[in-house]
$ cat final.txt   # compact mmCIF, C-alpha atoms
# COMPACT_ATOMS: atom_id res chain seq x y z
CA MET A 28 19.79 18.04 -45.30
CA LYS A 29 18.10 14.91 -43.99
CA LEU A 30 18.84 11.66 -45.79
CA ASP A 31 16.86 8.43 -45.78
CA PRO A 32 18.54 5.96 -43.37
CA ASN A 33 17.69 3.10 -45.74
CA HIS A 34 19.61 4.83 -48.51
CA LEU A 35 22.64 5.20 -46.27
CA GLU A 36 22.52 1.53 -45.35
CA ILE A 37 22.41 0.59 -49.04
CA LEU A 38 25.35 2.91 -49.71
CA TYR A 39 27.29 1.18 -46.94
CA ALA A 40 26.58 -2.21 -48.49
CA ILE A 41 27.84 -1.07 -51.90
CA VAL A 42 31.07 0.35 -50.44
CA GLU A 43 31.62 -2.59 -48.11
CA ARG A 44 31.15 -5.19 -50.87
CA GLY A 45 32.83 -3.21 -53.62
CA GLY A 46 30.06 -3.21 -56.20
CA LEU A 47 26.36 -2.75 -56.90
CA ALA A 48 25.61 -6.45 -57.45
CA GLU A 49 27.58 -7.49 -54.38
CA GLY A 50 25.97 -4.80 -52.21
CA ALA A 51 22.52 -5.76 -53.44
CA ALA A 52 23.11 -9.43 -52.59
CA ALA A 53 24.38 -8.54 -49.12
CA ILE A 54 21.12 -6.79 -48.16
CA GLY A 55 18.75 -9.02 -50.08
CA LYS A 56 17.79 -6.57 -52.82
CA SER A 57 17.98 -6.67 -56.62
CA GLN A 58 20.76 -4.83 -58.45
CA PRO A 59 18.28 -2.63 -60.42
CA SER A 60 16.65 -1.59 -57.14
CA VAL A 61 20.01 -0.67 -55.62
CA SER A 62 21.00 1.25 -58.77
CA ARG A 63 17.81 3.29 -58.59
CA THR A 64 18.38 4.03 -54.92
CA LEU A 65 21.94 5.19 -55.61
CA ALA A 66 20.71 7.46 -58.41
CA LYS A 67 18.06 8.98 -56.12
CA LEU A 68 20.65 9.59 -53.42
CA GLU A 69 23.03 11.31 -55.84
CA ASP A 70 20.18 13.47 -57.16
CA ARG A 71 19.29 14.36 -53.56
CA ILE A 72 22.79 15.54 -52.61
CA GLY A 73 23.69 16.89 -56.08
CA VAL A 74 27.05 15.13 -56.49
CA LYS A 75 28.36 11.79 -57.67
CA LEU A 76 29.26 9.36 -54.89
CA PHE A 77 31.71 7.18 -56.82
CA GLU A 78 34.60 8.26 -58.98
CA ALA A 79 33.80 8.09 -62.67
CA ARG A 80 35.01 5.20 -64.82
CA ARG A 81 36.77 3.39 -61.97
CA ARG A 82 36.37 -0.37 -61.53
CA PRO A 83 35.97 -1.67 -58.94
CA LEU A 84 33.92 1.19 -57.58
CA VAL A 85 35.92 3.80 -55.69
CA PRO A 86 33.90 5.94 -53.24
CA THR A 87 34.46 9.66 -53.03
CA GLU A 88 35.44 11.19 -49.71
CA LEU A 89 31.81 12.25 -49.09
CA CYS A 90 30.59 8.79 -50.02
CA ALA A 91 32.98 7.19 -47.53
CA LEU A 92 31.69 9.46 -44.75
CA LEU A 93 28.07 8.69 -45.58
CA ALA A 94 28.81 4.97 -45.84
CA HIS A 95 30.34 5.11 -42.37
CA GLU A 96 27.01 6.39 -41.02
CA GLY A 97 25.22 3.73 -43.05
CA ARG A 98 27.36 1.13 -41.30
CA LYS A 99 26.02 2.33 -37.95
CA ILE A 100 22.46 2.03 -39.25
CA HIS A 101 23.18 -1.47 -40.54
CA GLN A 102 24.67 -2.56 -37.21
CA ALA A 103 21.77 -1.02 -35.27
CA GLY A 104 19.35 -2.91 -37.47
CA ARG A 105 21.13 -6.20 -36.86
CA ALA A 106 21.33 -5.52 -33.12
CA SER A 107 17.64 -4.67 -32.89
CA SER A 108 16.77 -7.82 -34.85
CA GLN A 109 18.82 -9.87 -32.39
CA ILE A 110 17.10 -8.18 -29.46
CA MET A 111 13.67 -9.01 -30.87
CA ASP A 112 14.73 -12.56 -31.69
CA ASP A 113 16.03 -13.10 -28.14
CA TYR A 114 12.85 -11.62 -26.68
CA TYR A 115 10.49 -13.85 -28.64
CA ARG A 116 12.62 -16.88 -27.86
CA GLY A 117 12.28 -16.03 -24.18
CA LYS A 118 15.98 -15.23 -23.79
CA THR A 119 15.50 -11.69 -22.47
CA GLY A 120 12.83 -9.78 -20.55
CA ALA A 121 11.24 -10.47 -17.19
CA VAL A 122 8.98 -13.11 -15.63
CA ARG A 123 6.62 -12.58 -12.70
CA VAL A 124 6.36 -15.80 -10.68
CA ALA A 125 5.10 -16.51 -7.17
CA GLY A 126 4.29 -19.49 -5.00
CA THR A 127 3.72 -20.83 -1.52
CA PRO A 128 6.70 -19.95 0.71
CA PHE A 129 8.09 -23.35 1.69
CA PHE A 130 7.96 -24.71 -1.86
CA MET A 131 9.47 -21.52 -3.29
CA ASP A 132 12.36 -21.47 -0.82
CA GLY A 133 12.88 -25.23 -0.53
CA VAL A 134 12.56 -26.34 -4.15
CA ILE A 135 11.74 -23.63 -6.68
CA SER A 136 14.46 -21.13 -5.75
CA GLU A 137 17.23 -23.56 -6.68
CA LEU A 138 15.58 -24.25 -10.04
CA LEU A 139 15.20 -20.52 -10.69
CA ALA A 140 18.90 -20.07 -9.97
CA SER A 141 19.75 -22.81 -12.47
CA PHE A 142 17.48 -21.22 -15.06
CA GLN A 143 19.18 -17.86 -14.66
CA SER A 144 22.68 -19.29 -14.66
CA ALA A 145 21.95 -20.70 -18.11
CA ASP A 146 20.31 -17.48 -19.38
CA GLY A 147 21.12 -14.58 -17.08
CA ASN A 148 19.39 -12.02 -19.31
CA VAL A 149 15.93 -12.98 -18.07
CA ARG A 150 14.96 -11.13 -14.90
CA ILE A 151 12.78 -13.06 -12.45
CA ASP A 152 10.43 -11.07 -10.22
CA GLN A 153 9.58 -13.59 -7.52
CA SER A 154 7.12 -13.20 -4.65
CA TYR A 155 5.18 -15.32 -2.16
CA GLY A 156 1.54 -16.05 -1.53
CA PHE A 157 -1.03 -18.66 -0.58
CA PRO A 158 -3.58 -20.02 -3.09
CA ALA A 159 -6.35 -17.42 -2.68
CA ASP A 160 -3.92 -14.54 -3.05
CA LEU A 161 -2.12 -16.14 -6.00
CA LEU A 162 -5.40 -16.69 -7.83
CA ALA A 163 -6.29 -13.04 -7.36
CA GLN A 164 -2.90 -11.90 -8.69
CA LEU A 165 -3.26 -14.11 -11.77
CA ASN A 166 -6.73 -12.68 -12.34
CA ASP A 167 -5.36 -9.13 -12.17
CA ALA A 168 -2.51 -9.97 -14.58
CA GLY A 169 -0.04 -9.00 -11.86
CA LEU A 170 1.40 -12.48 -12.03
CA GLU A 171 2.21 -14.85 -14.89
CA LEU A 172 3.08 -18.12 -13.14
CA ALA A 173 1.92 -19.44 -9.77
CA VAL A 174 3.59 -22.54 -8.33
CA MET A 175 1.42 -24.02 -5.61
CA PRO A 176 -0.37 -27.11 -4.33
CA MET A 177 -3.96 -27.36 -5.54
CA ARG A 178 -6.82 -29.80 -5.93
CA GLU A 179 -7.12 -30.36 -9.65
CA GLY A 180 -10.90 -30.61 -9.41
CA SER A 181 -11.09 -27.15 -7.84
CA VAL A 182 -9.24 -25.27 -10.60
CA PRO A 183 -11.47 -22.44 -11.91
CA ASP A 184 -12.49 -22.64 -15.57
CA ASN A 185 -10.40 -19.62 -16.56
CA PHE A 186 -7.17 -21.18 -15.27
CA GLU A 187 -4.90 -23.94 -16.47
CA PHE A 188 -3.19 -26.16 -13.90
CA HIS A 189 -0.23 -28.35 -14.92
CA ARG A 190 0.59 -30.92 -12.25
CA ILE A 191 4.34 -31.25 -11.71
CA LEU A 192 4.70 -33.27 -8.52
CA PRO A 193 2.51 -35.63 -6.49
CA ALA A 194 1.66 -34.42 -3.00
CA ARG A 195 3.60 -36.20 -0.26
CA ASN A 196 4.21 -34.93 3.24
CA VAL A 197 6.57 -36.39 5.81
CA ILE A 198 7.50 -35.87 9.42
CA ALA A 199 10.83 -34.07 9.30
CA CYS A 200 13.57 -33.73 11.91
CA ARG A 201 17.33 -33.32 12.19
CA SER A 202 19.47 -36.20 10.97
CA ALA A 203 20.82 -36.80 14.47
CA HIS A 204 17.34 -36.92 16.05
CA PRO A 205 16.87 -39.89 18.44
CA LEU A 206 13.94 -41.17 16.36
CA ALA A 207 16.01 -41.10 13.16
CA ARG A 208 17.94 -44.11 14.47
CA LYS A 209 14.97 -45.94 16.00
CA THR A 210 13.13 -48.80 14.26
CA PRO A 211 10.33 -49.42 14.34
CA ILE A 212 8.80 -46.10 15.39
CA ARG A 213 5.54 -46.26 17.30
CA LEU A 214 2.90 -43.60 17.69
CA ASN A 215 3.82 -42.93 21.31
CA ASP A 216 7.40 -42.21 20.23
CA ILE A 217 6.48 -38.97 18.47
CA LEU A 218 4.26 -37.67 21.28
CA GLY A 219 7.16 -36.88 23.55
CA TYR A 220 8.61 -34.21 21.28
CA SER A 221 7.60 -30.64 20.56
CA TRP A 222 6.42 -29.59 17.11
CA LEU A 223 6.99 -26.68 14.77
CA ALA A 224 3.76 -25.54 13.13
CA PRO A 225 3.68 -23.88 9.67
CA PRO A 226 1.90 -20.52 9.26
CA ALA A 227 -1.72 -20.90 10.33
CA ASP A 228 -3.12 -19.72 6.97
CA SER A 229 -0.96 -22.06 4.92
CA PRO A 230 -2.11 -25.32 3.31
CA LEU A 231 0.73 -27.06 5.14
CA TYR A 232 -0.75 -26.12 8.52
CA HIS A 233 -3.99 -27.92 7.63
CA ASP A 234 -1.93 -30.85 6.40
CA LEU A 235 -0.25 -31.05 9.81
CA ARG A 236 -3.59 -31.19 11.60
CA ASN A 237 -5.01 -33.75 9.17
CA ALA A 238 -1.89 -35.91 9.37
CA LEU A 239 -1.94 -35.98 13.16
CA GLU A 240 -5.63 -36.82 13.18
CA SER A 241 -4.97 -39.68 10.76
CA LEU A 242 -2.47 -41.01 13.30
CA GLY A 243 -4.99 -40.63 16.11
CA VAL A 244 -3.13 -37.71 17.72
CA ASN A 245 -5.36 -34.98 19.07
CA GLU A 246 -2.93 -32.88 21.09
CA ILE A 247 0.73 -31.98 20.49
CA GLN A 248 3.13 -29.58 22.12
CA ILE A 249 3.81 -26.72 19.71
CA SER A 250 7.01 -24.82 20.45
CA PHE A 251 7.15 -22.60 17.35
CA THR A 252 4.62 -21.34 14.81
CA GLY A 253 4.88 -19.53 11.50
CA GLY A 254 8.23 -18.36 10.26
CA SER A 255 10.14 -18.91 7.06
CA LEU A 256 11.56 -22.19 5.85
CA SER A 257 15.05 -21.06 6.89
CA ALA A 258 13.79 -20.38 10.43
CA VAL A 259 12.08 -23.77 10.63
CA THR A 260 15.12 -25.66 9.35
CA ALA A 261 17.42 -23.74 11.70
CA ILE A 262 15.31 -24.75 14.69
CA LEU A 263 15.03 -28.35 13.52
CA ALA A 264 18.80 -28.59 13.09
CA ARG A 265 19.39 -27.43 16.68
CA SER A 266 16.63 -29.24 18.53
CA ASP A 267 14.69 -32.46 18.75
CA ALA A 268 11.52 -30.80 17.46
CA LEU A 269 9.44 -32.37 14.71
CA THR A 270 7.43 -30.81 11.93
CA ILE A 271 5.64 -31.71 8.73
CA LEU A 272 7.16 -30.75 5.38
CA PRO A 273 6.64 -31.71 1.75
CA TYR A 274 8.90 -34.63 0.96
CA SER A 275 10.32 -32.78 -2.07
CA VAL A 276 11.46 -29.96 0.24
CA VAL A 277 13.17 -32.40 2.61
CA TYR A 278 14.78 -34.15 -0.35
CA MET A 279 16.25 -30.89 -1.65
CA LEU A 280 17.33 -29.73 1.82
CA LYS A 281 19.18 -32.97 2.58
CA ARG A 282 21.98 -31.81 0.35
CA ARG A 283 22.42 -28.54 2.27
CA THR A 284 21.21 -29.18 5.81
CA ALA A 285 21.26 -32.08 8.25
CA LEU A 286 17.57 -32.93 7.87
CA THR A 287 15.81 -36.23 7.33
CA SER A 288 12.32 -37.70 7.40
CA LEU A 289 10.93 -40.35 9.70
CA PRO A 290 9.70 -43.62 8.17
CA ILE A 291 6.12 -43.02 9.28
CA ARG A 292 3.43 -43.09 6.64
CA ILE A 293 1.04 -40.19 7.07
CA GLY A 294 -1.98 -39.32 5.00
CA ASP A 295 -1.20 -37.64 1.69
CA PRO A 296 -2.85 -34.29 0.90
CA ASP A 297 -5.69 -34.37 -1.62
CA ARG A 298 -3.88 -31.87 -3.86
CA HIS A 299 -0.72 -31.72 -5.91
CA LEU A 300 2.00 -29.23 -6.70
CA GLY A 301 1.53 -27.60 -10.07
CA ILE A 302 1.94 -24.49 -12.18
CA LEU A 303 -1.17 -22.35 -12.50
CA THR A 304 -1.66 -19.87 -15.34
CA SER A 305 -4.55 -17.73 -16.53
CA LYS A 306 -6.29 -18.71 -19.76
CA ASP A 307 -7.38 -15.08 -20.23
CA THR A 308 -3.83 -13.74 -20.57
CA ALA A 309 -1.29 -15.10 -23.04
CA LEU A 310 2.03 -15.99 -21.45
CA SER A 311 5.01 -13.88 -22.41
CA PRO A 312 7.79 -15.78 -24.22
CA GLN A 313 9.90 -15.59 -21.07
CA ALA A 314 7.13 -17.00 -18.83
CA ASN A 315 6.36 -19.75 -21.32
CA ARG A 316 10.02 -20.73 -21.47
CA LEU A 317 10.34 -20.75 -17.67
CA ARG A 318 7.16 -22.83 -17.40
CA LYS A 319 8.54 -25.46 -19.78
CA TYR A 320 11.85 -25.42 -17.90
CA LEU A 321 10.18 -26.03 -14.53
CA ILE A 322 8.03 -28.84 -15.93
CA ALA A 323 11.12 -30.59 -17.32
CA GLU A 324 13.12 -30.08 -14.11
CA PHE A 325 10.31 -31.43 -11.95
CA ARG A 326 10.04 -34.47 -14.19
CA THR A 327 13.70 -35.16 -13.44
CA LEU A 328 13.27 -34.35 -9.75
CA SER A 329 10.37 -36.77 -9.43
CA LYS A 330 12.45 -39.57 -10.97
CA ASN A 331 15.36 -38.82 -8.65
CA ILE A 332 13.10 -38.88 -5.61
CA HIS A 333 11.70 -42.25 -6.68
CA ARG A 334 15.20 -43.66 -6.94
CA ALA A 335 16.44 -42.15 -3.67
CA ASP A 336 13.48 -43.02 -1.48
CA GLN A 337 14.05 -46.10 0.64
CA HIS A 338 10.94 -45.95 2.80
CA SER A 339 8.18 -46.28 0.18
CA LEU A 340 6.92 -42.82 1.08
CA TRP A 341 6.95 -41.78 -2.55
CA ARG A 342 5.71 -44.91 -4.20
CA GLN A 343 2.19 -45.05 -5.50
$ encode --input "final.txt" --output "structure tokens"
Amino acid sequence: MKLDPNHLEILYAIVERGGLAEGAAAIGKSQPSVSRTLAKLEDRIGVKLFEARRRPLVPTELCALLAHEGRKIHQAGRASSQIMDDYYRGKTGAVRVAGTPFFMDGVISELLASFQSADGNVRIDQSYGFPADLLAQLNDAGLELAVMPMREGSVPDNFEFHRILPARNVIACRSAHPLARKTPIRLNDILGYSWLAPPADSPLYHDLRNALESLGVNEIQISFTGGSLSAVTAILARSDALTILPYSVVYMLKRRTALTSLPIRIGDPDRHLGILTSKDTALSPQANRLRKYLIAEFRTLSKNIHRADQHSLWRQ
């Protein structure tokens, strides 16, 4: 015999609370409605579920067994409601996010770790890419959030770009580099050192070329090209090589590695770091929550960089 799960849950409420009125109140139903349900259930099984003329209500042995199953249904209902509530609040689920490698490894990864430490039930599926590839992934709905530098005037109509950090690049080196202790630094001072070049297809590589041209430098000695941020920072820490990095990356790395930036003003890129999303696809609750979190964290990061900077490299 198959019984209605809703009837079993109501039976559990009556037994648990000790009366029809109390059980009805516990599950948000009227007492007449609960009385009718109990009568239907007794007609269905052909026996009375409570001992006659006993107050408060005393369940029969069969009633107690059925109420026990109703308790499981009640608990499953509450658990499923909590699951749905957590999902729509962005507390569970998964987020697909990607970005340009140096920003993801140097800045974003630490923020993602902080986000997960606060709410570890959200899985983050993180990958890398450069702007053209990230745009394609957002178009195909294979990606929800892209964190990358972009010219705001070049954002396609079907995308939304939220700027989170002004673009600033610096010449980076190890803290013990000879030029780190030299003031003032002249153009000829940087020409005697080798350089690490970012991946050739990255925006940062073009920034390096543009920055050197702005300084009137046409030729440099390149000792290393491509590689990950960890490879670049490892080489910088063990050599007198120079490279160009976003100032936010250097700022974050200063706390973990012996890196610094030289007080040389170089041309700023004509783009800014931001979060790109597709207007054609609604963000999941998890992605929307992560987006708001990153925006708030970058607001704080920008203020901290302003306070920490002593060389006017960040000031407008």
$ residues_around --input "final.txt" --residues "Met175 in chain A" --least-positions-apart "6" --cutoff "12 Å" --atoms "all atoms listed in the file" --output "number ranges by chain"
A: 124-131, 134-135, 155-162, 182, 188-194, 229-231, 273, 298-304
$ closest_residue --input "final.txt" --among "A:Ala261, A:Leu269, A:Ile212, A:Val197" --to "Ala224 in chain A" --atoms "all atoms listed in the file"
A:Leu269
$ residues_around --input "final.txt" --residues "Thr119 in chain A" --least-positions-apart "2" --cutoff "10 Å" --atoms "only C-alpha atoms" --output "ChimeraX atom specification"
/A:110-117,121-122,146-150,312-313
$ atom_distance --input "final.txt" --atom1 "CA of Gly50 in chain A" --atom2 "CA of Ile37 in chain A"
7.2 Å
$ residues_around --input "final.txt" --residues "Leu206 in chain A" --least-positions-apart "3" --cutoff "8 Å" --atoms "all atoms listed in the file" --output "PyMOL selection string"
chain A and resi 209-210+212+216+289
$ write_last_selection --input "final.txt" --atoms "C-alpha atoms" --output "PDB file, keeping the file's coordinate frame"
ATOM      1  CA  LYS A 209      14.970 -45.940  16.000  1.00  0.00           C
ATOM      2  CA  THR A 210      13.130 -48.800  14.260  1.00  0.00           C
ATOM      3  CA  ILE A 212       8.800 -46.100  15.390  1.00  0.00           C
ATOM      4  CA  ASP A 216       7.400 -42.210  20.230  1.00  0.00           C
ATOM      5  CA  LEU A 289      10.930 -40.350   9.700  1.00  0.00           C
TER       6      LEU A 289
END
$ build_atoms --input "final.txt" --residues "range 34-45 of chain A" --atoms "all heavy atoms" --output "tab-separated table (two decimals), in the coordinates of the input"
chain	number	residue	atom	x	y	z
A	34	HIS	N	18.69	4.53	-47.43
A	34	HIS	CA	19.61	4.83	-48.51
A	34	HIS	C	21.06	4.76	-48.02
A	34	HIS	O	21.95	4.28	-48.73
A	34	HIS	CB	19.32	6.21	-49.08
A	34	HIS	CG	18.00	6.28	-49.81
A	34	HIS	ND1	17.51	7.45	-50.35
A	34	HIS	CD2	17.08	5.32	-50.08
A	34	HIS	CE1	16.33	7.20	-50.91
A	34	HIS	NE2	16.06	5.92	-50.76
A	35	LEU	N	21.29	5.24	-46.82
A	35	LEU	CA	22.64	5.20	-46.27
A	35	LEU	C	23.09	3.77	-46.01
A	35	LEU	O	24.26	3.43	-46.21
A	35	LEU	CB	22.69	6.02	-44.97
A	35	LEU	CG	22.45	7.52	-45.10
A	35	LEU	CD1	22.49	8.19	-43.73
A	35	LEU	CD2	23.48	8.15	-46.03
A	36	GLU	N	22.17	2.93	-45.58
A	36	GLU	CA	22.52	1.53	-45.35
A	36	GLU	C	22.87	0.84	-46.67
A	36	GLU	O	23.82	0.04	-46.72
A	36	GLU	CB	21.37	0.79	-44.66
A	36	GLU	CG	21.71	-0.65	-44.30
A	36	GLU	CD	20.56	-1.39	-43.63
A	36	GLU	OE1	19.43	-0.84	-43.59
A	36	GLU	OE2	20.80	-2.51	-43.15
A	37	ILE	N	22.11	1.16	-47.72
A	37	ILE	CA	22.41	0.59	-49.04
A	37	ILE	C	23.77	1.08	-49.52
A	37	ILE	O	24.57	0.30	-50.08
A	37	ILE	CB	21.29	0.95	-50.03
A	37	ILE	CG1	20.00	0.20	-49.66
A	37	ILE	CG2	21.71	0.63	-51.46
A	37	ILE	CD1	18.79	0.62	-50.47
A	38	LEU	N	24.06	2.36	-49.31
A	38	LEU	CA	25.35	2.91	-49.71
A	38	LEU	C	26.48	2.19	-48.98
A	38	LEU	O	27.52	1.87	-49.59
A	38	LEU	CB	25.38	4.40	-49.42
A	38	LEU	CG	26.64	5.15	-49.89
A	38	LEU	CD1	26.76	5.09	-51.41
A	38	LEU	CD2	26.60	6.60	-49.42
A	39	TYR	N	26.29	1.92	-47.71
A	39	TYR	CA	27.29	1.18	-46.94
A	39	TYR	C	27.52	-0.20	-47.55
A	39	TYR	O	28.68	-0.65	-47.68
A	39	TYR	CB	26.85	1.04	-45.48
A	39	TYR	CG	27.51	-0.10	-44.76
A	39	TYR	CD1	28.85	-0.05	-44.40
A	39	TYR	CD2	26.79	-1.27	-44.49
A	39	TYR	CE1	29.46	-1.13	-43.77
A	39	TYR	CE2	27.39	-2.35	-43.85
A	39	TYR	CZ	28.73	-2.28	-43.50
A	39	TYR	OH	29.34	-3.34	-42.88
A	40	ALA	N	26.44	-0.87	-47.92
A	40	ALA	CA	26.58	-2.21	-48.49
A	40	ALA	C	27.36	-2.19	-49.79
A	40	ALA	O	28.20	-3.07	-50.06
A	40	ALA	CB	25.20	-2.82	-48.71
A	41	ILE	N	27.12	-1.18	-50.64
A	41	ILE	CA	27.84	-1.07	-51.90
A	41	ILE	C	29.33	-0.87	-51.65
A	41	ILE	O	30.19	-1.53	-52.25
A	41	ILE	CB	27.28	0.09	-52.74
A	41	ILE	CG1	25.81	-0.18	-53.12
A	41	ILE	CG2	28.12	0.31	-54.00
A	41	ILE	CD1	25.12	1.01	-53.76
A	42	VAL	N	29.67	0.06	-50.76
A	42	VAL	CA	31.07	0.35	-50.44
A	42	VAL	C	31.74	-0.85	-49.79
A	42	VAL	O	32.87	-1.21	-50.13
A	42	VAL	CB	31.16	1.60	-49.54
A	42	VAL	CG1	32.60	1.81	-49.06
A	42	VAL	CG2	30.65	2.84	-50.27
A	43	GLU	N	31.06	-1.46	-48.85
A	43	GLU	CA	31.62	-2.59	-48.11
A	43	GLU	C	31.92	-3.77	-49.03
A	43	GLU	O	32.96	-4.43	-48.89
A	43	GLU	CB	30.65	-3.01	-47.01
A	43	GLU	CG	31.06	-4.23	-46.20
A	43	GLU	CD	32.25	-3.98	-45.29
A	43	GLU	OE1	32.63	-2.80	-45.09
A	43	GLU	OE2	32.81	-4.97	-44.78
A	44	ARG	N	31.00	-4.03	-49.99
A	44	ARG	CA	31.15	-5.19	-50.87
A	44	ARG	C	31.87	-4.88	-52.17
A	44	ARG	O	32.24	-5.78	-52.91
A	44	ARG	CB	29.76	-5.76	-51.19
A	44	ARG	CG	29.01	-6.25	-49.96
A	44	ARG	CD	29.67	-7.46	-49.36
A	44	ARG	NE	29.03	-7.86	-48.11
A	44	ARG	CZ	28.95	-9.13	-47.70
A	44	ARG	NH1	29.46	-10.08	-48.45
A	44	ARG	NH2	28.38	-9.41	-46.56
A	45	GLY	N	32.05	-3.59	-52.47
A	45	GLY	CA	32.83	-3.21	-53.62
A	45	GLY	C	32.11	-3.20	-54.95
A	45	GLY	O	32.76	-3.16	-56.00
